[in-house]
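Q: upload-v8.cif is reproduced in full below (mmCIF, C-alpha atoms and all ligand atoms).
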```cif
data_start
loop_
_atom_site.label_atom_id
_atom_site.label_comp_id
_atom_site.auth_asym_id
_atom_site.auth_seq_id
_atom_site.Cartn_x
_atom_site.Cartn_y
_atom_site.Cartn_z
CA MET A 226 61.93 52.75 -45.08
CA ALA A 227 63.29 55.33 -42.72
CA ARG A 228 63.95 58.88 -43.77
CA VAL A 229 67.12 60.34 -42.37
CA THR A 230 67.89 64.04 -42.64
CA ARG A 231 71.01 66.08 -42.02
CA THR A 232 71.63 69.79 -42.21
CA VAL A 233 74.73 70.98 -44.01
CA VAL A 234 75.83 74.58 -43.65
CA VAL A 235 77.59 76.33 -46.52
CA ARG A 236 78.62 79.96 -46.90
CA SER A 237 78.07 82.02 -49.99
CA VAL A 238 80.86 83.90 -51.66
CA LYS A 239 81.05 87.58 -50.76
CA LEU A 240 78.03 89.17 -52.40
CA SER A 241 77.97 92.43 -54.31
CA ARG A 242 76.64 95.38 -52.33
CA LYS A 243 73.61 95.52 -54.59
CA ASP A 244 72.71 91.85 -54.13
CA PHE A 245 73.36 91.93 -50.43
CA ARG A 246 71.09 94.93 -49.99
CA VAL A 247 68.27 92.94 -51.58
CA PHE A 248 68.72 90.29 -48.92
CA VAL A 249 68.87 92.86 -46.15
CA GLU A 250 65.53 94.23 -47.33
CA LEU A 251 64.12 90.74 -47.69
CA GLU A 252 65.21 89.90 -44.17
CA GLY A 253 63.55 93.07 -42.89
CA ILE A 254 60.21 92.25 -44.47
CA TYR A 255 60.41 88.61 -43.45
CA LYS A 256 61.28 89.56 -39.89
CA SER A 257 58.39 91.97 -39.57
CA MET A 258 56.03 89.27 -40.84
CA VAL A 259 57.33 86.78 -38.32
CA GLU A 260 57.11 89.34 -35.53
CA HIS A 261 53.55 90.14 -36.43
CA LEU A 262 52.63 86.46 -36.67
CA VAL A 263 54.31 85.45 -33.43
CA LEU A 264 52.61 88.26 -31.55
CA PHE A 265 49.27 87.21 -32.95
CA ALA A 266 49.95 83.50 -32.34
CA VAL A 267 50.94 83.98 -28.71
CA ARG A 268 48.16 86.43 -27.88
CA SER A 269 45.42 84.39 -29.51
CA ASN A 270 47.00 81.05 -28.63
CA THR A 271 46.88 80.06 -32.29
CA THR A 272 50.07 78.13 -32.82
CA SER A 273 49.04 75.76 -35.58
CA PHE A 274 50.68 76.56 -38.88
CA ILE A 275 47.50 75.76 -40.81
CA ARG A 276 45.37 78.04 -38.62
CA LEU A 277 47.88 80.85 -38.78
CA LYS A 278 48.05 80.66 -42.52
CA ALA A 279 44.28 80.55 -42.88
CA LEU A 280 43.81 83.58 -40.65
CA LYS A 281 46.71 85.73 -41.78
CA TYR A 282 47.50 84.91 -45.39
CA ARG A 283 45.34 87.58 -47.07
CA GLU A 284 46.34 90.32 -44.70
CA LEU A 285 50.06 89.69 -45.07
CA ARG A 286 49.83 89.27 -48.83
CA ALA A 287 48.16 92.64 -49.11
CA LEU A 288 50.71 94.25 -46.83
CA HIS A 289 53.98 93.00 -48.26
CA GLN A 290 55.28 92.72 -51.78
CA LEU A 291 56.95 89.36 -51.35
CA PRO A 292 56.58 86.11 -53.27
CA SER A 293 53.54 84.49 -51.68
CA HIS A 294 55.36 81.46 -50.33
CA TYR A 295 57.26 83.67 -47.90
CA VAL A 296 53.95 83.99 -46.08
CA TYR A 297 53.83 80.21 -45.80
CA THR A 298 57.34 79.87 -44.47
CA ALA A 299 56.93 82.85 -42.13
CA CYS A 300 53.82 81.13 -40.73
CA GLN A 301 55.82 77.92 -40.19
CA ASP A 302 58.64 79.86 -38.59
CA ALA A 303 56.24 81.78 -36.35
CA SER A 304 54.32 78.66 -35.42
CA THR A 305 57.53 76.96 -34.24
CA ARG A 306 58.61 80.03 -32.28
CA ALA A 307 55.22 80.52 -30.66
CA LYS A 308 54.98 76.88 -29.67
CA SER A 309 58.35 76.80 -27.98
CA PHE A 310 57.68 80.13 -26.28
CA LEU A 311 54.37 78.94 -24.86
CA ARG A 312 56.04 75.73 -23.71
CA LEU A 313 58.61 77.79 -21.78
CA LYS A 314 55.91 80.08 -20.48
CA LYS A 315 54.02 77.09 -19.12
CA LYS A 316 57.10 76.00 -17.24
CA GLY A 317 57.50 79.52 -15.91
CA LEU A 318 60.77 79.99 -17.80
CA ALA A 319 59.73 82.91 -20.00
CA GLU A 320 59.73 86.32 -18.39
CA LYS A 321 58.43 88.42 -21.22
CA GLU A 322 54.90 88.59 -22.57
CA CYS A 323 55.99 87.79 -26.09
CA PRO A 324 59.13 86.26 -27.53
CA GLU A 325 61.70 88.59 -28.94
CA ILE A 326 62.69 87.92 -32.54
CA ARG A 327 66.42 88.40 -32.47
CA ASN A 328 67.95 85.82 -34.75
CA VAL A 329 66.29 85.56 -38.10
CA ASN A 330 66.82 82.67 -40.44
CA ILE A 331 64.77 83.11 -43.55
CA TRP A 332 62.91 79.87 -44.22
CA LEU A 333 62.65 78.85 -47.85
CA ASP A 334 60.45 76.25 -49.47
CA ASP A 335 60.66 74.75 -52.94
CA HIS A 336 59.01 77.81 -54.52
CA LEU A 337 61.52 80.19 -53.01
CA TRP A 338 64.82 78.63 -53.92
CA LYS A 339 66.31 76.09 -56.27
CA PRO A 340 69.74 74.63 -56.78
CA ASN A 341 71.57 76.05 -59.74
CA GLY A 342 74.22 73.50 -60.55
CA LEU A 343 76.17 72.05 -57.64
CA THR A 344 77.72 75.18 -56.23
CA SER A 345 75.06 77.84 -56.47
CA VAL A 346 71.42 78.44 -55.65
CA LYS A 347 68.74 80.78 -56.93
CA ILE A 348 66.68 82.56 -54.33
CA ALA A 349 63.37 84.34 -54.92
CA THR A 350 63.21 87.85 -53.47
CA HIS A 351 60.86 90.84 -53.61
CA LYS A 352 62.93 92.13 -56.54
CA GLU A 353 63.71 89.10 -58.64
CA TRP A 354 65.51 85.79 -58.49
CA VAL A 355 69.05 86.26 -57.21
CA ASN A 356 71.78 83.82 -58.03
CA VAL A 357 74.06 83.05 -55.09
CA ASP A 358 77.30 81.09 -55.46
CA PHE A 359 78.53 79.27 -52.41
CA GLU A 360 81.75 77.70 -51.30
CA PRO A 361 81.40 73.92 -51.12
CA HIS A 362 83.45 72.03 -48.59
CA LYS A 363 84.49 68.44 -47.97
CA GLN A 364 81.44 67.59 -45.94
CA TYR A 365 79.15 68.98 -48.62
CA TRP A 366 80.73 66.84 -51.33
CA LYS A 367 80.47 63.83 -49.05
CA TYR A 368 76.69 64.23 -49.01
CA ILE A 369 76.48 65.03 -52.72
CA ASN A 370 78.51 61.95 -53.64
CA GLY A 371 77.17 59.72 -50.90
CA GLY A 372 73.70 59.10 -52.27
CA TRP A 373 72.00 61.86 -50.30
CA LYS A 374 69.28 63.98 -51.87
CA LEU A 375 68.60 67.66 -51.35
CA ALA A 376 65.36 68.36 -49.56
CA SER A 377 63.09 71.15 -50.75
CA GLU A 378 63.41 73.20 -47.59
CA ALA A 379 66.37 75.45 -46.82
CA LYS A 380 67.19 78.41 -44.63
CA ILE A 381 69.41 81.42 -45.06
CA LYS A 382 70.97 83.78 -42.57
CA LEU A 383 72.74 87.05 -43.26
CA ASP A 384 76.32 87.60 -42.26
CA ARG A 385 76.49 91.38 -42.43
CA ARG A 386 80.12 91.67 -41.46
CA ASN A 387 81.33 89.55 -44.37
CA ARG A 388 78.49 90.33 -46.75
CA GLN A 389 77.79 86.62 -47.07
CA LEU A 390 74.78 84.36 -46.79
CA VAL A 391 74.91 81.36 -44.52
CA ILE A 392 72.89 78.67 -46.27
CA TYR A 393 71.40 75.75 -44.38
CA LEU A 394 70.79 72.90 -46.77
CA THR A 395 68.91 69.77 -45.78
CA PHE A 396 69.94 66.43 -47.20
CA PHE A 397 67.91 63.29 -46.83
CA LYS A 398 68.27 59.62 -47.48
CA GLU A 399 65.83 56.75 -47.44
CA ALA A 400 67.41 53.62 -46.06
CA GLU A 401 65.82 50.22 -45.86
CA GLU A 402 66.63 48.02 -42.90
CA TYR A 403 68.29 44.76 -43.84
CA LYS A 404 67.55 41.41 -42.28
CA PRO A 405 70.36 40.87 -39.81
CA ARG A 406 72.63 37.83 -39.94
CA SER A 407 73.87 38.28 -36.39
CA TYR A 408 73.92 40.69 -33.48
CA LEU A 409 76.47 43.26 -32.48
CA PRO A 410 76.07 43.85 -28.76
CA VAL A 411 76.95 47.39 -27.65
CA ASP A 412 77.42 48.35 -24.02
CA VAL A 413 77.35 52.10 -23.42
CA ASN A 414 78.46 53.33 -20.05
CA GLU A 415 79.89 56.45 -18.48
CA ASN A 416 83.47 55.97 -19.56
CA ASN A 417 83.48 53.72 -22.57
CA VAL A 418 81.56 52.02 -25.32
CA THR A 419 82.26 48.30 -25.63
CA ILE A 420 81.29 46.13 -28.57
CA LEU A 421 81.65 42.43 -29.18
CA VAL A 422 82.81 41.42 -32.65
CA ASP A 423 83.18 37.70 -33.39
CA GLY A 424 83.88 36.89 -29.77
CA THR A 425 86.37 39.69 -29.19
CA ALA A 426 85.42 42.66 -27.09
CA TYR A 427 86.63 46.10 -28.12
CA LEU A 428 86.50 48.81 -25.53
CA PHE A 429 86.50 52.37 -26.82
CA GLU A 430 87.36 54.76 -24.05
CA THR A 431 85.16 57.84 -24.17
CA ASP A 432 85.99 59.43 -20.79
CA MET A 433 82.52 60.92 -20.86
CA GLU A 434 82.36 61.16 -17.10
CA LYS A 435 85.55 63.17 -16.92
CA LEU A 436 84.44 65.33 -19.79
CA VAL A 437 81.00 66.05 -18.39
CA LEU A 438 82.27 66.79 -14.90
CA GLY A 439 85.29 68.73 -16.14
CA TYR A 440 83.13 70.98 -18.26
CA TYR A 441 80.65 71.41 -15.49
CA TYR A 442 83.22 72.68 -13.02
CA ARG A 443 85.01 74.84 -15.56
CA ARG A 444 81.73 76.38 -16.65
CA LYS A 445 80.68 76.96 -13.09
CA SER A 446 83.87 78.70 -12.05
CA LEU A 447 83.82 80.86 -15.17
CA GLN A 448 80.22 81.80 -14.54
CA GLU A 449 80.92 82.81 -10.98
CA LYS A 450 83.95 84.81 -12.00
CA TYR A 451 82.20 86.76 -14.75
CA ASP A 452 78.96 87.22 -12.84
CA LYS A 453 80.91 88.97 -10.13
CA LEU A 454 82.69 91.16 -12.67
CA HIS A 455 79.97 92.00 -15.19
CA GLY A 456 76.62 90.77 -13.89
CA ALA A 457 74.67 87.64 -14.73
CA SER A 458 73.95 88.19 -18.42
CA SER A 459 77.14 89.70 -19.74
CA ARG A 460 78.31 89.28 -23.29
CA VAL A 461 81.84 88.58 -22.18
CA LYS A 462 80.70 85.59 -20.18
CA LYS A 463 78.71 84.19 -23.07
CA LYS A 464 81.70 84.56 -25.32
CA VAL A 465 84.04 82.82 -22.92
CA LEU A 466 81.59 79.99 -22.38
CA ARG A 467 81.18 79.60 -26.09
CA LYS A 468 84.91 79.23 -26.40
CA LEU A 469 84.76 76.08 -24.30
CA LYS A 470 83.05 74.40 -27.26
CA GLU A 471 81.50 71.94 -24.86
CA LYS A 472 78.61 70.97 -27.07
CA LYS A 473 80.77 70.44 -30.11
CA LYS A 474 83.33 68.31 -28.32
CA LYS A 475 80.71 66.05 -26.82
CA SER A 476 78.88 65.69 -30.07
CA ASP A 477 82.13 64.91 -31.90
CA ILE A 478 82.76 61.99 -29.62
CA ARG A 479 79.20 60.75 -29.99
CA TRP A 480 79.27 60.82 -33.78
CA LYS A 481 82.68 59.22 -34.03
CA ILE A 482 81.81 56.35 -31.76
CA ALA A 483 78.44 55.91 -33.48
CA ASN A 484 80.23 55.79 -36.80
CA ILE A 485 82.53 53.01 -35.67
CA VAL A 486 79.73 50.96 -34.13
CA VAL A 487 77.32 51.34 -37.03
CA ARG A 488 79.86 50.69 -39.75
CA THR A 489 81.05 47.60 -37.95
CA ALA A 490 77.47 46.34 -37.71
CA HIS A 491 76.83 47.18 -41.34
CA GLU A 492 79.91 45.36 -42.52
CA LYS A 493 78.84 42.25 -40.62
CA GLN A 494 75.19 42.77 -41.62
CA SER A 495 74.41 42.59 -37.93
CA ALA A 496 71.69 44.16 -35.87
CA ILE A 497 72.88 46.38 -33.06
CA ALA A 498 71.75 45.20 -29.63
CA LEU A 499 71.49 48.02 -27.11
CA GLU A 500 70.36 48.15 -23.54
CA LYS A 501 67.00 49.83 -23.13
CA LEU A 502 67.80 52.76 -20.90
CA GLY A 503 65.22 54.09 -18.52
CA LYS A 504 64.53 57.66 -17.63
CA LYS A 505 67.54 57.81 -15.36
CA PRO A 506 70.26 56.03 -17.28
CA ALA A 507 73.28 57.46 -15.51
CA ASN A 508 72.39 56.34 -12.04
CA SER A 509 75.68 54.75 -11.12
CA MET A 510 77.57 57.69 -12.47
CA ILE A 511 75.72 60.31 -10.49
CA LYS A 512 75.79 58.63 -7.14
CA ARG A 513 78.85 60.62 -6.24
CA VAL A 514 77.35 63.88 -7.44
CA GLU A 515 75.43 65.89 -4.88
CA ASP A 516 74.47 68.82 -7.03
CA ALA A 517 70.95 68.42 -8.43
CA GLN A 518 71.56 70.55 -11.47
CA LEU A 519 74.63 68.60 -12.40
CA ARG A 520 72.81 65.34 -11.98
CA HIS A 521 70.20 66.58 -14.38
CA ARG A 522 72.81 67.56 -16.91
CA ILE A 523 74.53 64.23 -16.75
CA PHE A 524 71.27 62.39 -17.24
CA GLN A 525 70.69 64.26 -20.39
CA ALA A 526 74.18 64.42 -21.62
CA SER A 527 75.97 61.24 -21.97
CA LEU A 528 74.53 57.79 -22.11
CA LYS A 529 71.27 58.42 -23.85
CA GLY A 530 73.04 60.86 -26.09
CA ILE A 531 75.46 58.21 -27.29
CA GLN A 532 72.69 55.66 -27.73
CA ASN A 533 70.55 58.10 -29.68
CA THR A 534 73.41 58.98 -31.95
CA ILE A 535 74.04 55.30 -32.60
CA LYS A 536 70.35 54.85 -33.44
CA GLU A 537 70.38 57.88 -35.72
CA LYS A 538 73.47 56.67 -37.54
CA ALA A 539 71.99 53.16 -37.75
CA ARG A 540 68.94 54.52 -39.56
CA GLU A 541 71.22 56.05 -42.15
CA TYR A 542 72.80 52.68 -42.91
CA GLY A 543 69.65 50.61 -42.55
CA VAL A 544 71.10 48.81 -39.55
CA PRO A 545 68.37 47.34 -37.32
CA VAL A 546 68.59 48.17 -33.62
CA VAL A 547 67.28 45.72 -31.03
CA PRO A 548 66.63 46.90 -27.48
CA VAL A 549 67.31 44.46 -24.66
CA ASN A 550 66.47 44.44 -20.98
CA PRO A 551 69.34 46.13 -19.11
CA ARG A 552 68.71 44.46 -15.77
CA ASN A 553 71.88 43.03 -14.23
CA THR A 554 73.69 42.78 -17.55
CA SER A 555 77.03 43.31 -15.88
CA LYS A 556 76.32 41.33 -12.73
CA LEU A 557 75.52 37.85 -14.00
CA CYS A 558 78.13 35.45 -15.31
CA PRO A 559 77.40 34.78 -18.99
CA LEU A 560 78.60 31.19 -18.51
CA HIS A 561 77.09 30.17 -15.18
CA SER A 562 74.33 32.75 -14.68
CA SER A 563 75.78 33.19 -11.24
CA HIS A 564 76.65 36.40 -9.48
CA ILE A 565 79.88 38.17 -10.32
CA ALA A 566 81.48 39.96 -7.41
CA TYR A 567 83.42 43.10 -8.20
CA ASP A 568 85.74 44.74 -5.77
CA SER A 569 86.69 48.30 -6.53
CA SER A 570 87.97 47.55 -10.02
CA ARG A 571 86.09 46.76 -13.20
CA VAL A 572 87.23 43.14 -13.05
CA GLY A 573 85.12 40.71 -11.06
CA LYS A 574 85.10 37.06 -10.12
CA CYS A 575 82.38 34.56 -10.94
CA SER A 576 80.95 33.18 -7.70
CA LEU A 577 80.51 29.72 -9.23
CA GLY A 578 83.32 29.13 -11.69
CA GLY A 579 85.83 31.47 -10.13
CA GLU A 580 86.89 32.88 -13.50
CA LEU A 581 87.63 36.57 -13.90
CA TRP A 582 85.51 38.91 -15.95
CA HIS A 583 85.81 42.45 -17.16
CA ARG A 584 82.60 44.24 -16.33
CA ASP A 585 81.94 45.66 -19.79
CA VAL A 586 82.71 42.37 -21.50
CA VAL A 587 80.18 40.65 -19.25
CA ALA A 588 77.61 43.25 -20.24
CA CYS A 589 78.29 42.62 -23.94
CA TRP A 590 77.89 38.84 -23.66
CA ASN A 591 74.68 39.24 -21.69
CA ILE A 592 73.30 41.76 -24.15
CA LEU A 593 74.12 39.32 -26.95
CA SER A 594 72.43 36.37 -25.32
CA ARG A 595 69.38 38.46 -24.47
CA ALA A 596 69.15 39.69 -28.03
CA LEU A 597 69.37 36.12 -29.30
CA ARG A 598 66.64 35.00 -26.94
CA SER A 599 64.40 38.03 -27.27
CA ASN A 600 62.85 37.55 -30.69
CA GLY A 601 62.83 33.87 -31.45
CA SER A 602 61.12 34.06 -34.80
CA ASN A 603 63.27 36.76 -36.27
CA ALA A 604 66.49 35.68 -34.62
CA PRO A 605 69.46 35.24 -36.86
CA SER A 606 71.37 32.01 -36.48
CA PRO A 607 73.47 32.22 -33.37
CA ALA A 608 76.79 32.19 -35.14
CA GLY A 609 78.58 32.85 -31.88
CA LEU A 610 77.57 29.55 -30.33
CA GLY A 611 80.45 27.28 -29.46
CA VAL A 612 80.58 23.50 -29.95
CA ASP A 613 79.12 22.82 -26.55
CA GLY A 614 76.19 25.08 -27.21
CA ARG A 615 77.63 27.87 -25.16
CA LEU A 616 78.19 31.34 -26.51
CA ILE A 617 81.61 31.62 -25.00
CA PRO A 618 84.44 29.14 -25.22
CA LEU A 619 85.02 27.93 -21.67
CA ALA A 620 88.26 28.38 -19.83
CA SER A 621 89.51 30.90 -22.28
CA THR A 622 90.59 33.81 -20.17
CA ALA A 623 91.77 35.93 -23.05
CA THR A 624 88.25 36.49 -24.31
CA HIS A 625 87.22 37.90 -20.98
CA ASP A 626 89.43 40.91 -21.42
CA PRO A 627 88.55 43.60 -23.90
CA LYS A 628 90.93 45.14 -26.36
CA VAL A 629 91.17 48.66 -25.11
CA LEU A 630 91.25 51.53 -27.56
CA PRO A 631 92.11 54.76 -25.79
CA LYS A 632 90.29 57.85 -26.92
CA ARG A 633 93.40 59.50 -28.28
CA LEU A 634 93.70 56.55 -30.68
CA TRP A 635 90.24 56.39 -32.14
CA ALA A 636 89.09 59.98 -31.74
CA ARG A 637 92.07 61.45 -33.57
CA TRP A 638 92.49 58.73 -36.05
CA LYS A 639 93.36 61.19 -38.76
CA SER A 640 96.79 62.02 -37.43
CA LEU A 641 97.50 58.41 -36.69
CA LEU A 642 96.68 57.38 -40.21
CA GLN A 643 99.15 59.74 -41.70
CA LYS A 644 101.73 57.37 -40.31
CA THR A 645 99.85 54.17 -41.06
CA LEU A 646 99.59 53.07 -44.63
CA CYS A 647 96.01 52.27 -45.37
CA TYR A 648 95.87 51.29 -49.00
CA GLY A 649 92.93 51.26 -51.35
CA PHE A 650 90.76 53.54 -49.30
CA GLU A 651 89.83 57.08 -50.04
CA GLN A 652 88.83 58.14 -46.58
CA ASN A 653 91.57 59.21 -44.29
CA GLU A 654 90.00 58.20 -41.03
CA ALA A 655 89.69 54.54 -40.16
CA VAL A 656 89.73 52.10 -37.32
CA GLU A 657 90.74 48.49 -37.73
CA ILE A 658 88.51 45.89 -36.20
CA ASN A 659 89.24 42.22 -36.75
CA GLY A 660 91.13 42.95 -39.92
CA ALA A 661 88.42 45.16 -41.37
CA TYR A 662 88.82 48.90 -41.66
CA ILE A 663 86.01 50.98 -40.32
CA PHE A 664 85.87 54.51 -41.59
CA MET A 665 84.85 57.55 -39.72
ZN ZN B 1 81.06 31.97 -14.28
#
```
Have the structure of the file written as structure tokens, please.
Ligand SMILES: [Zn+2]
A:
Amino acid sequence: MARVTRTVVVRSVKLSRKDFRVFVELEGIYKSMVEHLVLFAVRSNTTSFIRLKALKYRELRALHQLPSHYVYTACQDASTRAKSFLRLKKKGLAEKECPEIRNVNIWLDDHLWKPNGLTSVKIATHKEWVNVDFEPHKQYWKYINGGWKLASEAKIKLDRRNRQLVIYLTFFKEAEEYKPRSYLPVDVNENNVTILVDGTAYLFETDMEKLVLGYYYRRKSLQEKYDKLHGASSRVKKKVLRKLKEKKKKSDIRWKIANIVVRTAHEKQSAIALEKLGKKPANSMIKRVEDAQLRHRIFQASLKGIQNTIKEKAREYGVPVVPVNPRNTSKLCPLHSSHIAYDSSRVGKCSLGGELWHRDVVACWNILSRALRSNGSNAPSPAGLGVDGRLIPLASTATHDPKVLPKRLWARWKSLLQKTLCYGFEQNEAVEINGAYIFM
């Protein structure tokens, strides 16, 4: 059983001045507790939540008139902050002696809040329990109706301008891995994600390389421009950079592609076979990049990010993930085990059979055969095997080319589906793979 958690953010309705003032006061007390605790934790190098609580509980209880569990959550909050501050300090990245507490999210545990129906919560304060209605949205209902359970922890943040609370709810799900009937090989590389479904390769263009580099250069030129105008840490710069929405766009792509891959695997009751990436997964991609900082960013950003999202999504659906050795997966002919020579394009020629191969299709077939060989005992029956015992039907050139799905097609499926009639399904985002609709 794997526990999967997701945070869903909802906003409260506009609160009355009276209620909102209670939360402003609560935030003030909570903040001063966290400040006190963090200062103590950093100075005495006591970052363990248990230790903090043991040492500080009585003192804080005597000092503040808050429900006692706020001391617990403040200790947890402070412990997390102190730990990450000391980690930065160790790396020489923290200039100050003690972290500044600027953004406060009030941490709540099961004694401090409870759901009150589906669209409101009750929150314990220093005055009394306050009922807060919130505005549910589509995503929220998806979790409520999708078999997810509400976890006991939550966080709230004050939006002073709109007199609202921002409520961070945690949903969780326990999913059991099924026993796979087959494998779904997935090749993740800098510009696409390719999967092999029943002998047909589907190539989803992600353009990650372009995206990562594009953002890098845009960010860099903006930074230089604003640094010259307003100095290195200006608010204007931060605002402009935020407008790029770099993080969100990248994560959107990751989740969408992960959704397609995992739902396909789930439908086929397959295990996902992924290349085991090393510490430097984007080697080929960064060869052309001189800048050390950029290289670092790319390492972190794309390939592992996509793989991790696929793994995370797989846990949610109970889809097993099998790692395979990535060595030469795109260089060896899946039929002849001979070398495939590529010129500048992504299509290469087998040095023995002379047949042509698309690089990412080769990788998929090799990942599949490695997955089939890797765990003999647990291996599902190799349904892909042809009559002659080979995985791939010989002499069929069509199978060596992937079906290419450009990003504009799969990443904005919503608009496309308004034109396409997709009957019997409630979701409005879907991708069709081998006659089956995969929802996003
Ligand atoms: Zn060959």
Q: Dump as CSV the rows for residues of chain A within 10 Å of ligand ZN 1 (chain B): closest atom pair and distance in Å with one decimal, only C-alpha atoms and all ligand atoms counted, ordered by chain and rising residue number.
A:
```
residue,atom,partner,partner_atom,distance
A:Leu557,CA,B:ZN1,ZN,8.1
A:Cys558,CA,B:ZN1,ZN,4.7
A:Pro559,CA,B:ZN1,ZN,6.6
A:Leu560,CA,B:ZN1,ZN,5.0
A:His561,CA,B:ZN1,ZN,4.5
A:Ser562,CA,B:ZN1,ZN,6.8
A:Ser563,CA,B:ZN1,ZN,6.2
A:His564,CA,B:ZN1,ZN,7.9
A:Ile565,CA,B:ZN1,ZN,7.5
A:Lys574,CA,B:ZN1,ZN,7.7
A:Cys575,CA,B:ZN1,ZN,4.4
A:Ser576,CA,B:ZN1,ZN,6.7
A:Leu577,CA,B:ZN1,ZN,5.6
A:Gly578,CA,B:ZN1,ZN,4.5
A:Gly579,CA,B:ZN1,ZN,6.3
A:Glu580,CA,B:ZN1,ZN,6.0
A:Leu581,CA,B:ZN1,ZN,8.0
A:Trp582,CA,B:ZN1,ZN,8.4
A:Leu619,CA,B:ZN1,ZN,9.3
A:Ala620,CA,B:ZN1,ZN,9.8
```
Q: Would you work out the distance separating atom CA of Val486 of chain A from atom CA of Ile535 of chain A, expressed in Å to one decimal?
A: 7.3 Å
Q: Considering only C-alpha atoms, can you say which of A:Glu353, A:Asp585, A:Glu537, A:Asp335 comes closest to Glu415 of chain A?
A: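 Nearest candidate to Glu415 of chain A out of A:Glu353, A:Asp585, A:Glu537, A:Asp335: A:Asp585.
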Q: May I ask which of the residues A:Trp373, A:Tyr441, A:Tyr297, A:Phe248 is the closest one to Lys281 of chain A, counting all atoms listed in the file?
A: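 Selected residue with least distance to Lys281 of chain A: A:Tyr297.
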Q: Pick the closest to Lys314 of chain A from A:Val267, A:Ala483, A:Ala349, A:Leu285: which is it, counting only C-alpha atoms?
A: A:Val267
Q: Could you please determine the separation between atom CA of Val346 of chain A and atom CA of Cys300 of chain A in Å, to one decimal place?
A: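 Separation between atom CA of Val346 of chain A and atom CA of Cys300 of chain A: 23.2 Å.
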